[in-house]
Amino acid sequence: MRCPFCRHSNDSVLDSRPLESASVIRRRRICKNCHKRFTTYERLEEMPLMVVKSDQRREPYDRAKLRQGILRACEKRPISMDTIDLIVAEVEYELKDYVMEISSKVIGEKVMEKLHAIDQVAYVRFASVYRNFSDVNSFLEEIDKLKNRKEKNALSKAVPSKISKLKIAN
Ligand SMILES: [Zn+2]
């Protein structure tokens, strides 16, 4: 990397972190010649990463699917969208060490580790479902089922209360 101040090309990296999209890495650098600091943004090549599921089927890594799984675990929790994107970015950043393929279990464990540090409820939701369902798809299906059940319960509770209110009005 060439220093933007003195054009010297000898620098050291102070700090690297993935940005929101995770295909961009921000690096803080210091020039070894003039000692000024500067920032570079590096775009990673699109990862041709395959996810190996528990039944040994493979599918291309899908960020949207991963994000969706985390979103659902974080539903109604005090967790901002920025935090969710950061979790995705951090997980993806760690995935860069896997060149060809990665087990879906490893991805799940990474997400659990991040959620554990942020929100216990979201962690438990993700872990309880994900540990039993070794891929993101069946995890999402299970969350949908839970959601439907919850809505049904809410409905059956709502109906009697309406009825009792009507009775009072009469
Ligand atoms: Zn310099």
# chains A, B, ... in the order shown; residues from 1 in each chain; ligands from 1
>>> closest_atom_pairs(of="chain A", to="ligand 1", cutoff="12 Å", atoms="only C-alpha atoms and all ligand atoms", output="CSV")
residue,atom,partner,partner_atom_place_in_ligand_line,distance
A:Met1,CA,ligand 1,1 (Zn),10.3
A:Arg2,CA,ligand 1,1 (Zn),7.8
A:Cys3,CA,ligand 1,1 (Zn),4.6
A:Pro4,CA,ligand 1,1 (Zn),6.7
A:Phe5,CA,ligand 1,1 (Zn),5.0
A:Cys6,CA,ligand 1,1 (Zn),4.1
A:Arg7,CA,ligand 1,1 (Zn),5.9
A:His8,CA,ligand 1,1 (Zn),5.3
A:Ser9,CA,ligand 1,1 (Zn),7.7
A:Asn10,CA,ligand 1,1 (Zn),8.0
A:Asp11,CA,ligand 1,1 (Zn),7.9
A:Ser12,CA,ligand 1,1 (Zn),11.0
A:Arg29,CA,ligand 1,1 (Zn),10.1
A:Ile30,CA,ligand 1,1 (Zn),7.8
A:Cys31,CA,ligand 1,1 (Zn),4.5
A:Lys32,CA,ligand 1,1 (Zn),6.6
A:Asn33,CA,ligand 1,1 (Zn),5.0
A:Cys34,CA,ligand 1,1 (Zn),4.1
A:His35,CA,ligand 1,1 (Zn),6.0
A:Lys36,CA,ligand 1,1 (Zn),5.8
A:Arg37,CA,ligand 1,1 (Zn),8.1
A:Phe38,CA,ligand 1,1 (Zn),9.1
>>> write_last_selection(atoms="C-alpha atoms", output="PDB file, in the first residue's frame")
ATOM      1  CA  MET A   1       0.000   0.000   0.000  1.00  0.00           C
ATOM      2  CA  ARG A   2       1.411   3.368  -0.963  1.00  0.00           C
ATOM      3  CA  CYS A   3       1.301   6.103   1.676  1.00  0.00           C
ATOM      4  CA  PRO A   4      -0.994   8.924   0.468  1.00  0.00           C
ATOM      5  CA  PHE A   5       1.277  11.492   2.141  1.00  0.00           C
ATOM      6  CA  CYS A   6       4.832  10.607   1.203  1.00  0.00           C
ATOM      7  CA  ARG A   7       4.215   7.893  -1.429  1.00  0.00           C
ATOM      8  CA  HIS A   8       6.426   5.505   0.484  1.00  0.00           C
ATOM      9  CA  SER A   9       5.275   1.929   0.122  1.00  0.00           C
ATOM     10  CA  ASN A  10       6.244   0.478   3.463  1.00  0.00           C
ATOM     11  CA  ASP A  11       3.454   0.430   6.003  1.00  0.00           C
ATOM     12  CA  SER A  12       2.128  -1.710   8.798  1.00  0.00           C
ATOM     13  CA  ARG A  29      -2.363   1.599   8.468  1.00  0.00           C
ATOM     14  CA  ILE A  30       0.668   3.529   9.561  1.00  0.00           C
ATOM     15  CA  CYS A  31       3.395   4.602   7.170  1.00  0.00           C
ATOM     16  CA  LYS A  32       6.813   3.418   8.324  1.00  0.00           C
ATOM     17  CA  ASN A  33       8.424   6.356   6.635  1.00  0.00           C
ATOM     18  CA  CYS A  34       6.434   9.436   7.705  1.00  0.00           C
ATOM     19  CA  HIS A  35       4.475   7.743  10.519  1.00  0.00           C
ATOM     20  CA  LYS A  36       1.189   9.188   9.334  1.00  0.00           C
ATOM     21  CA  ARG A  37      -1.894   7.046   9.587  1.00  0.00           C
ATOM     22  CA  PHE A  38      -4.298   6.260   6.798  1.00  0.00           C
TER      23      PHE A  38
END
>>> closest_residue(among="A:Lys96, A:Lys76, A:Arg58, A:Arg67", to="A:Asp119", atoms="only C-alpha atoms")
A:Lys76
>>> residues_around(residues="stretch 83-92 of chain A", least_positions_apart="5", cutoff="12 Å", atoms="only C-alpha atoms", output="PyMOL selection string")
chain A and resi 16-26+44+46-47+49+61-75+77-78+97-98+102+106-119+122
>>> closest_residue(among="A:Val51, A:Asp15, A:Val121, A:Arg28", to="A:Ser104", atoms="only C-alpha atoms")
A:Val51
